[in-house]
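Everything below concerns the one structure shown next.
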Number of protein chains: 2
Amino acid sequence: MKIHERLAELATLGATAEGIDRALCTAPEYAARERLVRWAGSGGFSVDQDRAGNVFVRLNGREALPPVQCGSHLDTVKNGGAYDGAYGVIAGLEALEMIASTGVMPRRPIEVVAWAGEEGSRFPLGCIGSAVYAGLTPLAQARAVIGDDGMTFGDALASPTGLLRDVPVRDGFPPPVAYVELHIEQGPVMERAGIRLGIVTAIAGQCRFHVEITGQAGHAGTMPMAGRADALCAASELTLAVDRAAHDVGNAVATVGRLIVEPNQTNIVPGHVTLRIDVRSVDDARVATIEKRIRDAAATIVQGRNVRITIEPIETRPATAMNERLRKVVRDVCTSLDPKAANIASGAGHDAMCVAHVAPVAMIFVPSIAGQSHVGAERTAPGDLELGVLALMGSLLAFDHELTTDSKEK
Amino acid sequence: MKIHERLAELATLGATAEGIDRALCTAPEYAARERLVRWAGSGGFSVDQDRAGNVFVRLNGREALPPVQCGSHLDTVKNGGAYDGAYGVIAGLEALEMIASTGVMPRRPIEVVAWAGEEGSRFPLGCIGSAVYAGLTPLAQARAVIGDDGMTFGDALASPTGLLRDVPVRDGFPPPVAYVELHIEQGPVMERAGIRLGIVTAIAGQCRFHVEITGQAGHAGTMPMAGRADALCAASELTLAVDRAAHDVGNAVATVGRLIVEPNQTNIVPGHVTLRIDVRSVDDARVATIEKRIRDAAATIVQGRNVRITIEPIETRPATAMNERLRKVVRDVCTSLDPKAANIASGAGHDAMCVAHVAPVAMIFVPSIAGQSHVGAERTAPGDLELGVLALMGSLLAFDHELTTDSKEK
């Protein structure tokens, strides 16, 4: 396997002092796609791209049927790590190489897709490439999205670091008969439990809220405690209510990750706080219950702290269940490689969420060391990376076999 | 009285969209001192300045004795108001004019001092002028203080907006036999109680702490609630403990006014928070008790939240009691003008804190509308401003009379 060398090579593209900056359609991200195409060409695979910048690497099958597909992404968050996304793409290429090297020709084409811009780190629309592919976002609408440098995605695609120069652009890629995404866990659950391969049950649904708390600013020395309307005390009570709600409801997470105080001076009672709440669960009902508890807590805080609070949903995404039949196939493959292979929920979003709208999907996780991700220190043990490639290859072959011998398919 | 016109005129110097920016030794602050000198000259008063930029306006007495003194400051915080500081200086000038107009010559000189840079809004040392005057900060040390634009106070004094061009510079100003500072309350207590003149009992002591909370950053979707080390949840508990401690101990205020979250991203569990705590009371023992309660709460939070917390004192100032004898004089004067005149503690610091090291001091407050200060909307009712001038004039004359007939003085 060349996976370690290849991931190390990709990690040099966009490397910063603290991690990797490889936002969509920037020079380092273009270079990463180009590197993938070069490696794919060496393996004799066909390569093309769609108009959203998604890159398709294909091992041809015996018949011109819709493919079995895997994929992930090559872009990163700001100061991100070497494995989030890139691992699933390169592992897919390695799987294709191993399958090709056996001389066994699958019945269906097997594809690896590098989805464009999963992270939303330049254009504020996560999974922009897979959303266009799945028809969730019309291409014209995606092209109009404005990036943090003021350039639209459309202009970025037309720029020298947009669509790949020497790769054919095609329309009308057929949806796959099955899609599987291999990814790092990005959390500590598998490491803590000694699980090397995780069979994803669902991708958590998510609600994000923007909260404004307005109290009354005042001099910290001259404003008596009685009669204060301290927006930060109110925000502190709300933050703890968010935390408590997730603990109490269970099987969910809820976080205040962003909080800004105004005027934020040591000697001024805070008059205004804005904060963001992120709630996730694979069970949408739990997200709703947590939202209700947060709103109830806010109503109590408004009374007790003499402040105004507004809570606006800014993003709502239901949970995405993995396909039962594919999960069974993946479970058999994973269990044969790791006796401790077990079910796991995905707290983070992935391109598989979008693909799920046009095809049955599954996901496989490998552990993250210390649960770290979206940072330069993001790591997965080399042996686990290799095991994941084998699980991916096995799953792709099993899907081809299973669906080929499936009586339901004509 | 010309006090309203004069304060309105000063308010144009450094006026911004949101308030007044008149930091020490900037062009608007120089212009404010120049305006004072011009008005003082018209009244026939002598004017000189010391090497720290403090300006002394003097009505001569019958004898060349140490003066009776009043004063305040002409600088403002960023986007400050028209009354904090400027009121006490201009009221002093008005009092001198009224005394002079009666034809009564006091035994002692009566001085109005415009202290340099009380706010510390350019050079990070509050009361820099009165601290040098009182010998608390050696001039050489004050001159070495670096402002937020990188210039030292010494270089700023030598600049075209430093020491006044046409005013003599003198050394060896004798400490006054009595000092009284008239100031706006900057809080809501007097307005709420219907008090128009406040006799200050003490200036609150103050402790400020810099707090660092270190937890473990993580993906908000993939990091389970169990095992999180959320620095913002810990900071929220500490903020509420600070608030509760002040409420419980009483006769004190405690505030978290400044709080910064890192990395402050919606989808990342906060790994680090820094915050500042400001604790004040006229009773130093209460400040100490509150500090102990905060430290006890932090120890509990460290256990419960799996974080590290450091609490460093960054500023400690004991309470400054007003002189008993002067207070009695001020009380008699104020009560004759306002039957509801009452004692009040000063939560904010003032130049009187420094002068107290070399002379007996007293302070008089007038109400702040809605308790607002350090903002453009800072206001005091015109009638209250006038009443304050009368109280100041009466106190200065009473001090001169009282101390002149005092058997203890040679």
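Chains: A, B, ... in order of the structure tokens. Residues: from 1 per chain. Ligands: from 1, in order shown.
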Can you list every residue in segment 136-302 of chain A that DSSP puts in helix (DSSP H, G or I), as a PyMOL selection string?
chain A and resi 139-143+153-158+189-193+231-249+284-302
Can you write just those residues out, C-alpha atoms, as a tab-separated table (two decimals), in the first residue's frame?
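What ended up in selection.tsv:
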chain	number	residue	atom	x	y	z
A	139	LEU	CA	-25.75	23.97	-10.14
A	140	ALA	CA	-26.72	27.58	-10.93
A	141	GLN	CA	-27.53	28.20	-7.26
A	142	ALA	CA	-24.27	26.64	-6.10
A	143	ARG	CA	-22.31	28.72	-8.64
A	153	PHE	CA	-18.13	29.44	-6.67
A	154	GLY	CA	-18.88	29.80	-10.41
A	155	ASP	CA	-16.01	32.22	-10.92
A	156	ALA	CA	-13.75	30.04	-8.79
A	157	LEU	CA	-14.58	27.01	-10.98
A	158	ALA	CA	-13.65	29.06	-14.08
A	189	VAL	CA	-15.48	6.73	21.06
A	190	MET	CA	-13.75	3.96	19.06
A	191	GLU	CA	-10.36	4.52	20.65
A	192	ARG	CA	-11.89	4.37	24.14
A	193	ALA	CA	-13.69	1.11	23.29
A	231	ALA	CA	-26.08	39.68	29.60
A	232	LEU	CA	-23.09	37.47	30.37
A	233	CYS	CA	-24.64	36.04	33.54
A	234	ALA	CA	-27.72	35.26	31.43
A	235	ALA	CA	-25.53	33.68	28.74
A	236	SER	CA	-23.74	31.61	31.37
A	237	GLU	CA	-27.04	30.24	32.65
A	238	LEU	CA	-28.11	29.43	29.08
A	239	THR	CA	-24.79	27.74	28.27
A	240	LEU	CA	-25.16	25.49	31.30
A	241	ALA	CA	-28.79	24.76	30.38
A	242	VAL	CA	-27.64	23.63	26.91
A	243	ASP	CA	-25.02	21.35	28.44
A	244	ARG	CA	-27.48	19.93	30.99
A	245	ALA	CA	-30.18	19.30	28.37
A	246	ALA	CA	-27.85	17.10	26.30
A	247	HIS	CA	-26.72	15.19	29.39
A	248	ASP	CA	-30.31	14.67	30.55
A	249	VAL	CA	-31.82	13.70	27.20
A	284	ASP	CA	-34.37	13.79	15.53
A	285	ALA	CA	-36.88	13.65	18.41
A	286	ARG	CA	-34.05	14.15	20.89
A	287	VAL	CA	-32.87	17.24	19.03
A	288	ALA	CA	-36.41	18.61	19.29
A	289	THR	CA	-36.60	17.79	23.01
A	290	ILE	CA	-33.30	19.53	23.67
A	291	GLU	CA	-34.46	22.59	21.72
A	292	LYS	CA	-37.59	22.71	23.85
A	293	ARG	CA	-35.58	22.49	27.07
A	294	ILE	CA	-33.29	25.28	25.89
A	295	ARG	CA	-36.25	27.52	25.05
A	296	ASP	CA	-37.84	26.80	28.44
A	297	ALA	CA	-34.57	27.65	30.18
A	298	ALA	CA	-34.32	30.89	28.18
A	299	ALA	CA	-37.82	31.91	29.27
A	300	THR	CA	-36.83	31.42	32.91
A	301	ILE	CA	-33.58	33.36	32.43
A	302	VAL	CA	-35.45	36.28	30.82
If you run DSSP over the backbone, which residues in segment 341-391 of chain B end up strand (DSSP E)? Put them as a ChimeraX atom specification.
/B:342-346,361-366
What does the file look like for those residues with all heavy atoms, as a PDB file, in the first residue's frame?
ATOM      1  N   ALA B 342     -27.343  62.659  51.145  1.00  0.00           N
ATOM      2  CA  ALA B 342     -27.073  61.450  51.928  1.00  0.00           C
ATOM      3  C   ALA B 342     -25.704  60.880  51.582  1.00  0.00           C
ATOM      4  O   ALA B 342     -25.104  61.224  50.566  1.00  0.00           O
ATOM      5  CB  ALA B 342     -28.162  60.415  51.659  1.00  0.00           C
ATOM      6  N   ASN B 343     -25.266  60.003  52.447  1.00  0.00           N
ATOM      7  CA  ASN B 343     -23.992  59.316  52.210  1.00  0.00           C
ATOM      8  C   ASN B 343     -24.090  58.381  51.014  1.00  0.00           C
ATOM      9  O   ASN B 343     -25.138  57.793  50.748  1.00  0.00           O
ATOM     10  CB  ASN B 343     -23.616  58.471  53.428  1.00  0.00           C
ATOM     11  CG  ASN B 343     -23.136  59.330  54.583  1.00  0.00           C
ATOM     12  OD1 ASN B 343     -22.710  60.469  54.370  1.00  0.00           O
ATOM     13  ND2 ASN B 343     -23.214  58.795  55.795  1.00  0.00           N
ATOM     14  N   ILE B 344     -22.987  58.217  50.311  1.00  0.00           N
ATOM     15  CA  ILE B 344     -22.928  57.267  49.202  1.00  0.00           C
ATOM     16  C   ILE B 344     -21.489  56.800  49.055  1.00  0.00           C
ATOM     17  O   ILE B 344     -20.548  57.560  49.294  1.00  0.00           O
ATOM     18  CB  ILE B 344     -23.460  57.908  47.897  1.00  0.00           C
ATOM     19  CG1 ILE B 344     -23.442  56.870  46.780  1.00  0.00           C
ATOM     20  CG2 ILE B 344     -22.650  59.150  47.511  1.00  0.00           C
ATOM     21  CD1 ILE B 344     -24.201  57.315  45.542  1.00  0.00           C
ATOM     22  N   ALA B 345     -21.343  55.532  48.679  1.00  0.00           N
ATOM     23  CA  ALA B 345     -20.006  54.999  48.414  1.00  0.00           C
ATOM     24  C   ALA B 345     -19.679  55.207  46.942  1.00  0.00           C
ATOM     25  O   ALA B 345     -20.571  55.205  46.100  1.00  0.00           O
ATOM     26  CB  ALA B 345     -19.963  53.511  48.746  1.00  0.00           C
ATOM     27  N   SER B 346     -18.417  55.387  46.632  1.00  0.00           N
ATOM     28  CA  SER B 346     -18.009  55.505  45.231  1.00  0.00           C
ATOM     29  C   SER B 346     -17.490  54.171  44.737  1.00  0.00           C
ATOM     30  O   SER B 346     -16.480  53.662  45.226  1.00  0.00           O
ATOM     31  CB  SER B 346     -16.915  56.563  45.073  1.00  0.00           C
ATOM     32  OG  SER B 346     -16.442  56.545  43.739  1.00  0.00           O
ATOM     33  N   VAL B 361      -9.110  64.351  52.191  1.00  0.00           N
ATOM     34  CA  VAL B 361      -9.937  64.513  50.991  1.00  0.00           C
ATOM     35  C   VAL B 361     -11.408  64.242  51.293  1.00  0.00           C
ATOM     36  O   VAL B 361     -11.751  63.507  52.216  1.00  0.00           O
ATOM     37  CB  VAL B 361      -9.478  63.581  49.830  1.00  0.00           C
ATOM     38  CG1 VAL B 361      -8.015  63.819  49.482  1.00  0.00           C
ATOM     39  CG2 VAL B 361      -9.745  62.120  50.152  1.00  0.00           C
ATOM     40  N   ALA B 362     -12.259  64.862  50.455  1.00  0.00           N
ATOM     41  CA  ALA B 362     -13.699  64.609  50.486  1.00  0.00           C
ATOM     42  C   ALA B 362     -14.184  64.576  49.046  1.00  0.00           C
ATOM     43  O   ALA B 362     -13.473  65.011  48.133  1.00  0.00           O
ATOM     44  CB  ALA B 362     -14.424  65.705  51.259  1.00  0.00           C
ATOM     45  N   MET B 363     -15.388  64.017  48.840  1.00  0.00           N
ATOM     46  CA  MET B 363     -15.982  64.022  47.494  1.00  0.00           C
ATOM     47  C   MET B 363     -17.476  64.294  47.588  1.00  0.00           C
ATOM     48  O   MET B 363     -18.132  63.909  48.562  1.00  0.00           O
ATOM     49  CB  MET B 363     -15.760  62.680  46.772  1.00  0.00           C
ATOM     50  CG  MET B 363     -14.347  62.487  46.248  1.00  0.00           C
ATOM     51  SD  MET B 363     -14.250  61.097  45.053  1.00  0.00           S
ATOM     52  CE  MET B 363     -14.932  61.853  43.566  1.00  0.00           C
ATOM     53  N   ILE B 364     -17.987  64.947  46.553  1.00  0.00           N
ATOM     54  CA  ILE B 364     -19.423  65.216  46.433  1.00  0.00           C
ATOM     55  C   ILE B 364     -19.892  64.622  45.106  1.00  0.00           C
ATOM     56  O   ILE B 364     -19.227  64.799  44.079  1.00  0.00           O
ATOM     57  CB  ILE B 364     -19.705  66.732  46.429  1.00  0.00           C
ATOM     58  CG1 ILE B 364     -19.147  67.384  47.709  1.00  0.00           C
ATOM     59  CG2 ILE B 364     -21.197  67.007  46.256  1.00  0.00           C
ATOM     60  CD1 ILE B 364     -19.121  68.914  47.649  1.00  0.00           C
ATOM     61  N   PHE B 365     -21.028  63.923  45.128  1.00  0.00           N
ATOM     62  CA  PHE B 365     -21.597  63.366  43.897  1.00  0.00           C
ATOM     63  C   PHE B 365     -22.893  64.073  43.529  1.00  0.00           C
ATOM     64  O   PHE B 365     -23.668  64.453  44.416  1.00  0.00           O
ATOM     65  CB  PHE B 365     -21.932  61.880  44.071  1.00  0.00           C
ATOM     66  CG  PHE B 365     -20.783  60.931  43.841  1.00  0.00           C
ATOM     67  CD1 PHE B 365     -20.973  59.557  44.040  1.00  0.00           C
ATOM     68  CD2 PHE B 365     -19.532  61.372  43.429  1.00  0.00           C
ATOM     69  CE1 PHE B 365     -19.938  58.662  43.839  1.00  0.00           C
ATOM     70  CE2 PHE B 365     -18.481  60.469  43.233  1.00  0.00           C
ATOM     71  CZ  PHE B 365     -18.696  59.120  43.437  1.00  0.00           C
ATOM     72  N   VAL B 366     -23.137  64.207  42.236  1.00  0.00           N
ATOM     73  CA  VAL B 366     -24.479  64.551  41.734  1.00  0.00           C
ATOM     74  C   VAL B 366     -24.979  63.340  40.947  1.00  0.00           C
ATOM     75  O   VAL B 366     -24.179  62.520  40.492  1.00  0.00           O
ATOM     76  CB  VAL B 366     -24.455  65.821  40.845  1.00  0.00           C
ATOM     77  CG1 VAL B 366     -24.098  67.046  41.676  1.00  0.00           C
ATOM     78  CG2 VAL B 366     -23.515  65.647  39.664  1.00  0.00           C
TER      79      VAL B 366
END
Between atom CA of Pro382 of chain B and atom CA of Leu326 of chain B, what distance in Å does the model show, to one decimal?
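Distance between the two atoms: 26.2 Å.
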Calculate how many Å separate atom CA of Gly126 of chain A from atom CA of Val77 of chain A, rounding to one decimal.
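Interatomic distance, atom CA of Gly126 of chain A to atom CA of Val77 of chain A: 10.8 Å.
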Ranking A:Val256, A:Ile369, A:Ala86, A:Ala114 by minimum distance to chain B and counting only C-alpha atoms, which one comes first?
A:Val256
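Of the residues listed (A:Val253, A:Val273, A:Ala321, A:Ala52), A:Ala321 shows the shortest atom-to-atom separation from Ala202 of chain A; distances use only C-alpha atoms.
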Kindly indicate which residue among B:Ser159, B:Asn54, B:Ser373, B:Thr102 lies nearest to chain A, using only C-alpha atoms for the distances.
B:Ser373
Tell me which protein, DNA and RNA residues are within 9 Å of Ala217 of chain A, counting only C-alpha atoms, leaving out same-chain ones fewer than 5 positions away, and put them as a list in words.
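So the residues in contact are Arg228, Ala229, Asp230, Ala231, Glu262, Pro263, Ile268, Val269, Pro270, Gly271 and His272 of chain A; Gln372 of chain B.
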Restricted to N, CA and C atoms, what would the selected residues look like written as a CSV table (one decimal), in the first residue's frame?
chain,number,residue,atom,x,y,z
A,228,ARG,N,-29.2,44.8,38.2
A,228,ARG,CA,-28.3,44.6,37.0
A,228,ARG,C,-29.1,43.8,36.0
A,229,ALA,N,-28.8,44.0,34.7
A,229,ALA,CA,-29.3,43.1,33.7
A,229,ALA,C,-28.0,42.7,32.9
A,230,ASP,N,-27.3,41.7,33.5
A,230,ASP,CA,-26.0,41.3,33.0
A,230,ASP,C,-26.2,40.2,32.0
A,231,ALA,N,-25.9,40.6,30.7
A,231,ALA,CA,-26.1,39.7,29.6
A,231,ALA,C,-25.2,38.5,29.7
A,262,GLU,N,-20.2,41.9,24.5
A,262,GLU,CA,-20.0,43.3,24.2
A,262,GLU,C,-20.4,44.1,25.4
A,263,PRO,N,-19.7,45.2,25.7
A,263,PRO,CA,-18.5,45.7,25.0
A,263,PRO,C,-17.2,44.9,25.4
A,268,ILE,N,-16.9,47.0,32.7
A,268,ILE,CA,-18.2,47.2,32.2
A,268,ILE,C,-19.1,46.0,32.3
A,269,VAL,N,-20.2,46.1,33.0
A,269,VAL,CA,-21.2,45.0,33.1
A,269,VAL,C,-21.6,44.7,31.6
A,270,PRO,N,-21.5,43.5,31.2
A,270,PRO,CA,-21.9,43.2,29.8
A,270,PRO,C,-23.3,43.5,29.4
A,271,GLY,N,-23.5,44.2,28.4
A,271,GLY,CA,-24.8,44.6,27.9
A,271,GLY,C,-25.4,43.7,26.9
A,272,HIS,N,-24.5,43.0,26.2
A,272,HIS,CA,-25.0,42.2,25.0
A,272,HIS,C,-24.1,41.0,24.8
B,372,GLN,N,-26.2,56.1,33.7
B,372,GLN,CA,-25.3,55.9,32.6
B,372,GLN,C,-24.0,56.8,32.7
List the spatial neighbours of Val68 of chain A as a short mmCIF file (atom, residue, chain, number, x, y, z; two decimals) with N, CA and C atoms, in the first residue's frame - criterion: any atom at most 10 Å away, only C-alpha atoms, same-chain residues fewer than 5 positions off excluded.
data_model
loop_
_atom_site.label_atom_id
_atom_site.label_comp_id
_atom_site.auth_asym_id
_atom_site.auth_seq_id
_atom_site.Cartn_x
_atom_site.Cartn_y
_atom_site.Cartn_z
N ARG A 58 -12.42 5.82 -12.17
CA ARG A 58 -13.25 4.64 -12.44
C ARG A 58 -12.45 3.43 -12.90
N GLY A 61 -16.17 -1.96 -15.26
CA GLY A 61 -16.71 -3.29 -14.98
C GLY A 61 -16.96 -4.03 -16.28
N PRO A 106 -14.74 -6.61 -11.96
CA PRO A 106 -16.08 -6.57 -11.38
C PRO A 106 -17.12 -6.47 -12.48
N ARG A 107 -18.35 -6.84 -12.13
CA ARG A 107 -19.41 -6.73 -13.13
C ARG A 107 -19.69 -5.25 -13.41
N ARG A 108 -19.79 -4.45 -12.33
CA ARG A 108 -20.12 -3.03 -12.46
C ARG A 108 -18.85 -2.19 -12.39
N PRO A 109 -18.90 -0.99 -12.94
CA PRO A 109 -17.80 -0.06 -12.68
C PRO A 109 -17.70 0.20 -11.18
N ILE A 110 -16.49 0.39 -10.71
CA ILE A 110 -16.32 0.82 -9.32
C ILE A 110 -15.66 2.20 -9.35
N GLU A 111 -16.30 3.16 -8.70
CA GLU A 111 -15.84 4.55 -8.76
C GLU A 111 -15.35 5.04 -7.41
N VAL A 112 -14.35 5.91 -7.48
CA VAL A 112 -13.96 6.71 -6.32
C VAL A 112 -14.26 8.15 -6.69
N PRO A 175 -26.55 7.85 -10.88
CA PRO A 175 -26.38 7.55 -9.44
C PRO A 175 -25.87 6.12 -9.28
N PRO A 176 -25.08 5.87 -8.24
CA PRO A 176 -24.56 4.52 -8.03
C PRO A 176 -25.65 3.60 -7.49
N VAL A 177 -25.43 2.30 -7.60
CA VAL A 177 -26.35 1.36 -6.97
C VAL A 177 -26.07 1.23 -5.48
N ALA A 178 -24.86 1.59 -5.10
CA ALA A 178 -24.49 1.57 -3.67
C ALA A 178 -23.31 2.53 -3.48
N TYR A 179 -23.31 3.23 -2.35
CA TYR A 179 -22.22 4.17 -2.04
C TYR A 179 -21.72 3.86 -0.65
N VAL A 180 -20.40 3.83 -0.48
CA VAL A 180 -19.82 3.63 0.85
C VAL A 180 -18.71 4.66 1.05
N SER A 395 -15.92 -4.21 1.01
CA SER A 395 -17.30 -3.75 0.89
C SER A 395 -17.66 -3.48 -0.56
N LEU A 396 -16.74 -2.84 -1.29
CA LEU A 396 -17.00 -2.53 -2.71
C LEU A 396 -17.22 -3.82 -3.50
N LEU A 397 -16.35 -4.80 -3.26
CA LEU A 397 -16.47 -6.08 -3.98
C LEU A 397 -17.75 -6.79 -3.57
N ALA A 398 -18.07 -6.75 -2.28
CA ALA A 398 -19.28 -7.43 -1.81
C ALA A 398 -20.53 -6.78 -2.40
N PHE A 399 -20.51 -5.44 -2.48
CA PHE A 399 -21.66 -4.76 -3.09
C PHE A 399 -21.81 -5.21 -4.54
N ASP A 400 -20.68 -5.23 -5.27
CA ASP A 400 -20.75 -5.62 -6.69
C ASP A 400 -21.29 -7.04 -6.80
N LEU A 403 -25.09 -7.24 -5.42
CA LEU A 403 -26.09 -6.60 -6.27
C LEU A 403 -26.13 -7.26 -7.64
#
For Leu392 of chain B, which residue among B:Ala17, B:Ile3, B:Leu136, B:Val330 is the nearest when counting only C-alpha atoms?
B:Val330
Can you list, as a PyMOL selection string, every protein, DNA or RNA residue that comes within 8 Å of Ile260 of chain A when you count only C-alpha atoms, leaving out same-chain residues fewer than 3 positions away?
(chain A and resi 273-275) or (chain B and resi 259-261)
List the neighbours of Gln206 of chain A out to 6 Å using only C-alpha atoms; skip same-chain residues closer than 5 positions along the sequence, and give me the result as a PyMOL selection string.
chain A and resi 279-280+316-317
How about saving the chosen residues, C-alpha atoms kept, as a compact mmCIF listing (two decimals), in the first residue's frame?
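Final file, part-v5.txt:
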# COMPACT_ATOMS: atom_id res chain seq x y z
CA VAL A 279 -27.42 20.34 18.87
CA ARG A 280 -27.00 16.90 17.27
CA THR A 316 -31.62 22.38 10.47
CA ARG A 317 -30.73 18.99 9.06
Taking only C-alpha atoms into account, name the residue in A:Leu337, A:Leu387, A:Ala377, A:Ala252 that is nearest to chain B.
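Distance minimum relative to chain B lands on A:Ala252.
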